[in-house]
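Structure data (mmCIF, C-alpha atoms) from protein_37.cif:
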data_entry
#
loop_
_atom_site.label_atom_id
_atom_site.label_comp_id
_atom_site.auth_asym_id
_atom_site.auth_seq_id
_atom_site.Cartn_x
_atom_site.Cartn_y
_atom_site.Cartn_z
CA MET A 139 38.23 -95.65 2.07
CA ALA A 140 34.67 -95.97 0.83
CA ASP A 141 33.26 -99.19 -0.61
CA LYS A 142 31.66 -97.48 -3.59
CA LEU A 143 32.22 -94.47 -5.81
CA THR A 144 30.68 -91.10 -5.18
CA PRO A 145 28.48 -89.74 -8.00
CA LYS A 146 31.30 -87.38 -9.03
CA GLN A 147 33.81 -90.25 -9.12
CA GLU A 148 31.43 -92.36 -11.22
CA LYS A 149 30.90 -89.51 -13.69
CA PHE A 150 34.67 -88.95 -13.83
CA ALA A 151 35.28 -92.65 -14.58
CA GLN A 152 32.64 -92.57 -17.33
CA ASN A 153 34.21 -89.47 -18.87
CA VAL A 154 37.72 -90.98 -18.84
CA ALA A 155 36.37 -94.19 -20.37
CA LYS A 156 34.80 -92.09 -23.13
CA GLY A 157 38.26 -90.76 -23.98
CA MET A 158 38.31 -87.39 -22.22
CA SER A 159 41.55 -86.15 -20.69
CA LYS A 160 41.70 -86.50 -16.93
CA LYS A 161 41.38 -82.74 -16.47
CA ASP A 162 38.36 -82.46 -18.79
CA ALA A 163 36.76 -85.54 -17.24
CA ALA A 164 37.09 -83.99 -13.79
CA LYS A 165 35.63 -80.64 -14.96
CA HIS A 166 32.66 -82.37 -16.60
CA ALA A 167 32.13 -84.48 -13.47
CA GLY A 168 31.69 -81.35 -11.38
CA TYR A 169 35.17 -80.68 -9.99
CA SER A 170 36.22 -77.03 -10.02
CA GLU A 171 38.01 -75.63 -13.05
CA LYS A 172 40.86 -74.53 -10.80
CA ASN A 173 41.45 -78.00 -9.31
CA ALA A 174 40.34 -80.22 -12.21
CA GLY A 175 43.88 -81.16 -13.28
CA LYS A 176 44.91 -82.16 -9.79
CA ALA A 177 41.60 -83.95 -9.18
CA GLY A 178 42.07 -85.97 -12.38
CA THR A 179 45.56 -87.00 -11.34
CA VAL A 180 44.51 -87.91 -7.79
CA LEU A 181 41.44 -89.85 -8.96
CA THR A 182 43.54 -92.01 -11.28
CA SER A 183 46.34 -92.57 -8.77
CA LYS A 184 46.93 -95.76 -6.81
CA ASP A 185 45.25 -94.02 -3.88
CA ASN A 186 41.89 -94.49 -5.65
CA PRO A 187 41.75 -98.15 -6.69
CA LEU A 188 37.94 -98.13 -6.96
CA VAL A 189 38.08 -95.33 -9.54
CA GLN A 190 40.85 -97.10 -11.46
CA LYS A 191 38.88 -100.35 -11.39
CA ARG A 192 35.72 -98.63 -12.61
CA ILE A 193 37.55 -96.93 -15.49
CA GLY A 194 38.97 -100.31 -16.46
CA GLU A 195 35.52 -101.93 -16.34
CA LEU A 196 33.99 -99.21 -18.49
CA GLN A 197 36.84 -99.32 -21.01
CA GLU A 198 36.55 -103.09 -21.19
CA LYS A 199 32.80 -102.85 -21.84
CA ALA A 200 33.40 -100.26 -24.55
CA ALA A 201 36.11 -102.39 -26.17
CA ASP A 202 33.83 -105.43 -26.08
CA LYS A 203 31.05 -103.37 -27.66
CA ALA A 204 33.31 -102.20 -30.42
CA GLU A 205 34.68 -105.73 -30.72
CA LEU A 206 38.15 -104.29 -30.64
CA SER A 207 40.90 -106.39 -29.18
CA LEU A 208 44.62 -106.47 -29.60
CA GLY A 209 44.23 -109.30 -32.11
CA THR A 210 41.68 -107.50 -34.29
CA HIS A 211 43.57 -104.24 -33.94
CA LEU A 212 46.77 -105.83 -35.16
CA LYS A 213 44.91 -107.57 -37.99
CA ASP A 214 43.34 -104.27 -39.07
CA LEU A 215 46.72 -102.57 -38.99
CA LYS A 216 48.17 -105.40 -41.07
CA ASP A 217 45.34 -105.06 -43.63
CA ILE A 218 45.90 -101.31 -43.81
CA ARG A 219 49.64 -101.78 -44.14
CA ASP A 220 49.12 -104.29 -46.96
CA GLY A 221 46.74 -101.92 -48.72
CA ALA A 222 49.17 -99.06 -48.26
CA MET A 223 51.95 -101.11 -49.80
CA ARG A 224 49.74 -101.79 -52.83
CA ASN A 225 48.32 -98.26 -53.26
CA ASN A 226 50.67 -95.91 -51.40
CA ALA A 227 47.66 -93.92 -50.13
CA PHE A 228 46.74 -95.02 -46.62
CA SER A 229 48.63 -92.71 -44.25
CA ALA A 230 45.35 -91.18 -43.09
CA ALA A 231 43.90 -94.65 -42.54
CA VAL A 232 46.88 -95.67 -40.44
CA THR A 233 46.53 -92.50 -38.39
CA ALA A 234 42.85 -93.23 -37.85
CA GLU A 235 43.52 -96.81 -36.87
CA VAL A 236 46.21 -95.78 -34.39
CA ALA A 237 43.78 -93.26 -32.92
CA ARG A 238 41.19 -96.03 -32.64
CA GLY A 239 43.68 -98.16 -30.77
CA LYS A 240 44.52 -95.29 -28.45
CA ALA A 241 40.83 -94.73 -27.76
CA ALA A 242 40.48 -98.38 -26.81
CA GLY A 243 43.36 -98.01 -24.36
CA LEU A 244 45.81 -100.10 -26.34
CA TYR A 245 48.49 -97.42 -26.18
CA VAL A 246 49.99 -95.65 -23.18
CA ASN A 247 51.65 -92.25 -23.43
CA ARG A 248 54.54 -91.84 -21.07
CA SER A 249 56.70 -88.87 -20.28
CA GLU A 250 59.69 -88.58 -18.03
CA LEU A 251 61.05 -85.47 -16.37
CA THR A 252 64.72 -85.44 -15.51
CA VAL A 253 66.02 -82.56 -13.48
CA ASN A 254 69.77 -82.11 -13.33
CA ARG A 255 70.77 -79.91 -10.48
CA VAL A 256 73.94 -78.22 -11.58
CA ASP A 257 74.56 -76.87 -8.10
CA THR A 258 75.14 -80.44 -6.85
CA MET A 259 77.45 -81.39 -9.73
CA SER A 260 81.18 -80.85 -10.02
CA LYS A 261 82.55 -78.87 -12.94
CA GLU A 262 83.68 -82.14 -14.56
CA GLU A 263 80.19 -83.64 -14.17
CA VAL A 264 78.58 -80.55 -15.73
CA LEU A 265 80.97 -80.68 -18.69
CA GLU A 266 80.40 -84.43 -19.10
CA ARG A 267 76.62 -83.93 -19.01
CA MET A 268 76.85 -81.16 -21.59
CA LYS A 269 78.96 -83.41 -23.79
CA GLN A 270 76.41 -86.22 -23.43
CA LEU A 271 73.55 -83.86 -24.33
CA TYR A 272 75.51 -82.68 -27.37
CA TYR A 273 75.90 -86.28 -28.61
CA ASP A 274 72.33 -87.28 -27.68
CA THR A 275 70.93 -84.43 -29.77
CA GLY A 276 73.16 -85.09 -32.76
CA GLY A 277 75.18 -81.95 -32.10
CA ILE A 278 72.13 -79.72 -31.79
CA LEU A 279 71.53 -78.22 -28.39
CA PRO A 280 68.42 -76.21 -27.63
CA SER A 281 68.97 -72.49 -27.37
CA GLY A 282 68.71 -71.06 -23.93
CA LYS A 283 69.76 -68.27 -21.67
CA ILE A 284 71.82 -68.17 -18.53
CA ILE A 285 69.91 -67.13 -15.46
CA GLU A 286 71.00 -66.65 -11.90
CA ILE A 287 68.68 -68.11 -9.32
CA GLU A 288 68.82 -68.69 -5.60
CA PRO A 289 68.38 -72.29 -4.29
CA GLU A 290 64.96 -71.46 -2.78
CA GLU A 291 63.79 -70.04 -6.10
CA LEU A 292 65.11 -73.14 -7.86
CA GLU A 293 63.00 -75.41 -5.68
CA GLU A 294 59.92 -73.26 -6.38
CA GLU A 295 60.66 -73.31 -10.13
CA GLU A 296 61.15 -77.10 -10.11
CA GLN A 297 57.79 -77.51 -8.36
CA ARG A 298 56.13 -75.18 -10.89
CA ILE A 299 57.61 -77.18 -13.79
CA ILE A 300 56.52 -80.50 -12.27
CA THR A 301 53.01 -79.15 -11.67
CA LYS A 302 52.82 -77.73 -15.22
CA ASN A 303 54.03 -81.01 -16.77
CA ALA A 304 51.49 -82.97 -14.73
CA SER A 305 48.68 -80.68 -15.86
CA ASP A 306 49.94 -80.87 -19.49
CA ASP A 307 49.85 -84.66 -19.23
CA ASN A 308 46.29 -84.46 -17.96
CA THR A 309 45.18 -82.40 -20.92
CA SER A 310 46.64 -84.67 -23.55
#

Please express the file's structure as C-alpha cells.
Amino acid sequence: MADKLTPKQEKFAQNVAKGMSKKDAAKHAGYSEKNAGKAGTVLTSKDNPLVQKRIGELQEKAADKAELSLGTHLKDLKDIRDGAMRNNAFSAAVTAEVARGKAAGLYVNRSELTVNRVDTMSKEEVLERMKQLYYDTGGILPSGKIIEIEPEELEEEEQRIITKNASDDNTS
C-alpha cells in the first residue's frame, strides 16, 4: 500500500467531501464511466484507509469552516422547531437544515439487503416467512409474479441485484 494518495484518489476525496455521490466523485476524478460506481465503493472501503482518512480530514475542515457541529446543528434544529411551533410554516426550513446536516456528514444512510432463498427453506419456513411479511407490512404485500429459475440463474440474479443496489447506493 502506498504512503500517499494518487492524484485521482485526492481528487476523488475532494469530490466526496464536497458532497458528490461516490460514483459521481469517481467520474469527476477521472475514473471511467463504466467503472465509476465500483471505483467509488472500493476507494471508500476499509481497503483504502488513506482515502477514508483524507475524506474525513476534508469534511472536518469544511465543517470547521462552516462552523457546523453537532451542538450548533441541534441548536439550529431546536430554534427552527420552536419557530415552527409558533408559526406552523417551517417545514421547508427543517428540510433545509436536515440537508445541511447531511452535507456536513452528520447523518448516515444505511440500507440492508436480505435475500431469502426459498429453495433452502422447508414449506413450513416459507409459510412462516410469508406470514411474518404479511404482519410486517400491515397486511399489504407487494404484488409480484411467480417465476421459475434454475439455481445457477438465481445466483447470477442475486449478484446482479447486489451489484445494482451497491451502484444505487453510490448514486444517492

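Counting all atoms listed in the file and comparing A:Ile300, A:Leu244, A:Leu271, A:Leu292, the residue that lies closest to Val256 of chain A is A:Leu292.
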
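Take the candidates A:Lys199, A:Lys172, A:Arg192, A:Lys165 and check each one against Ala151 of chain A using all atoms listed in the file; the shortest distance goes to A:Arg192.
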
Could you work out how far atom CA of Val189 of chain A lies from atom CA of Leu143 of chain A, giving the answer in Å with one decimal?
->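 For atom CA of Leu143 of chain A relative to atom CA of Val189 of chain A, the distance reads 7.0 Å.
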
Figure out the distance between atom CA of Phe150 of chain A and atom CA of Asn247 of chain A, please, to one decimal in Å.
->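 It comes out at 19.8 Å.
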
For atom CA of Lys240 of chain A and atom CA of Gln297 of chain A, determine how far apart the two atoms are, in Å to one decimal place.
->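 Atom-to-atom, atom CA of Lys240 of chain A and atom CA of Gln297 of chain A are spaced 29.9 Å apart.
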
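For the set A:Thr233, A:Gln270, A:Ser260, A:Gln152, the residue with the smallest atom-to-atom gap to Gln190 of chain A is A:Gln152, counting only C-alpha atoms.
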
Could you tell me which residues the PyMOL selection byres ((chain A and resi 142) around 12) returns for this structure, as a compact mmCIF listing (two decimals) with C-alpha atoms, in the coordinates of the input?
# COMPACT_ATOMS: atom_id res chain seq x y z
CA MET A 139 38.23 -95.65 2.07
CA ALA A 140 34.67 -95.97 0.83
CA ASP A 141 33.26 -99.19 -0.61
CA LEU A 143 32.22 -94.47 -5.81
CA THR A 144 30.68 -91.10 -5.18
CA PRO A 145 28.48 -89.74 -8.00
CA LYS A 146 31.30 -87.38 -9.03
CA GLN A 147 33.81 -90.25 -9.12
CA GLU A 148 31.43 -92.36 -11.22
CA ASN A 186 41.89 -94.49 -5.65
CA PRO A 187 41.75 -98.15 -6.69
CA LEU A 188 37.94 -98.13 -6.96
CA VAL A 189 38.08 -95.33 -9.54
CA LYS A 191 38.88 -100.35 -11.39
CA ARG A 192 35.72 -98.63 -12.61

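Applied to this file, the PyMOL selection byres ((chain A and resi 162) around 9) selects Phe150, Asn153, Val154, Met158, Ser159, Lys160, Lys161, Ala163, Ala164, Lys165, His166, Ala167, Glu171, Ala174, Gly175, Gly178, Asn308 and Thr309 of chain A.
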
Determine the axis-aligned bounding box of all atoms of segment 186-197 of chain A present in the file, pad each side by 4 Å, and express its centre and edge lengths in Å to one decimal place as lines of an AutoDock Vina configuration file.
center_x = 37.9
center_y = -98.2
center_z = -13.3
size_x = 15.9
size_y = 15.4
size_z = 23.4

For Arg248 of chain A, which of A:Ala304, A:Ala200, A:Asp220, A:Ser183 is the closest residue, counting only C-alpha atoms?
->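 Looking at the shortest contact to Arg248 of chain A, the residue is A:Ala304.
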
For Leu181 of chain A, which of A:Lys149, A:Thr210, A:Glu294, A:Asp274 is the closest residue, counting only C-alpha atoms?
-> A:Lys149
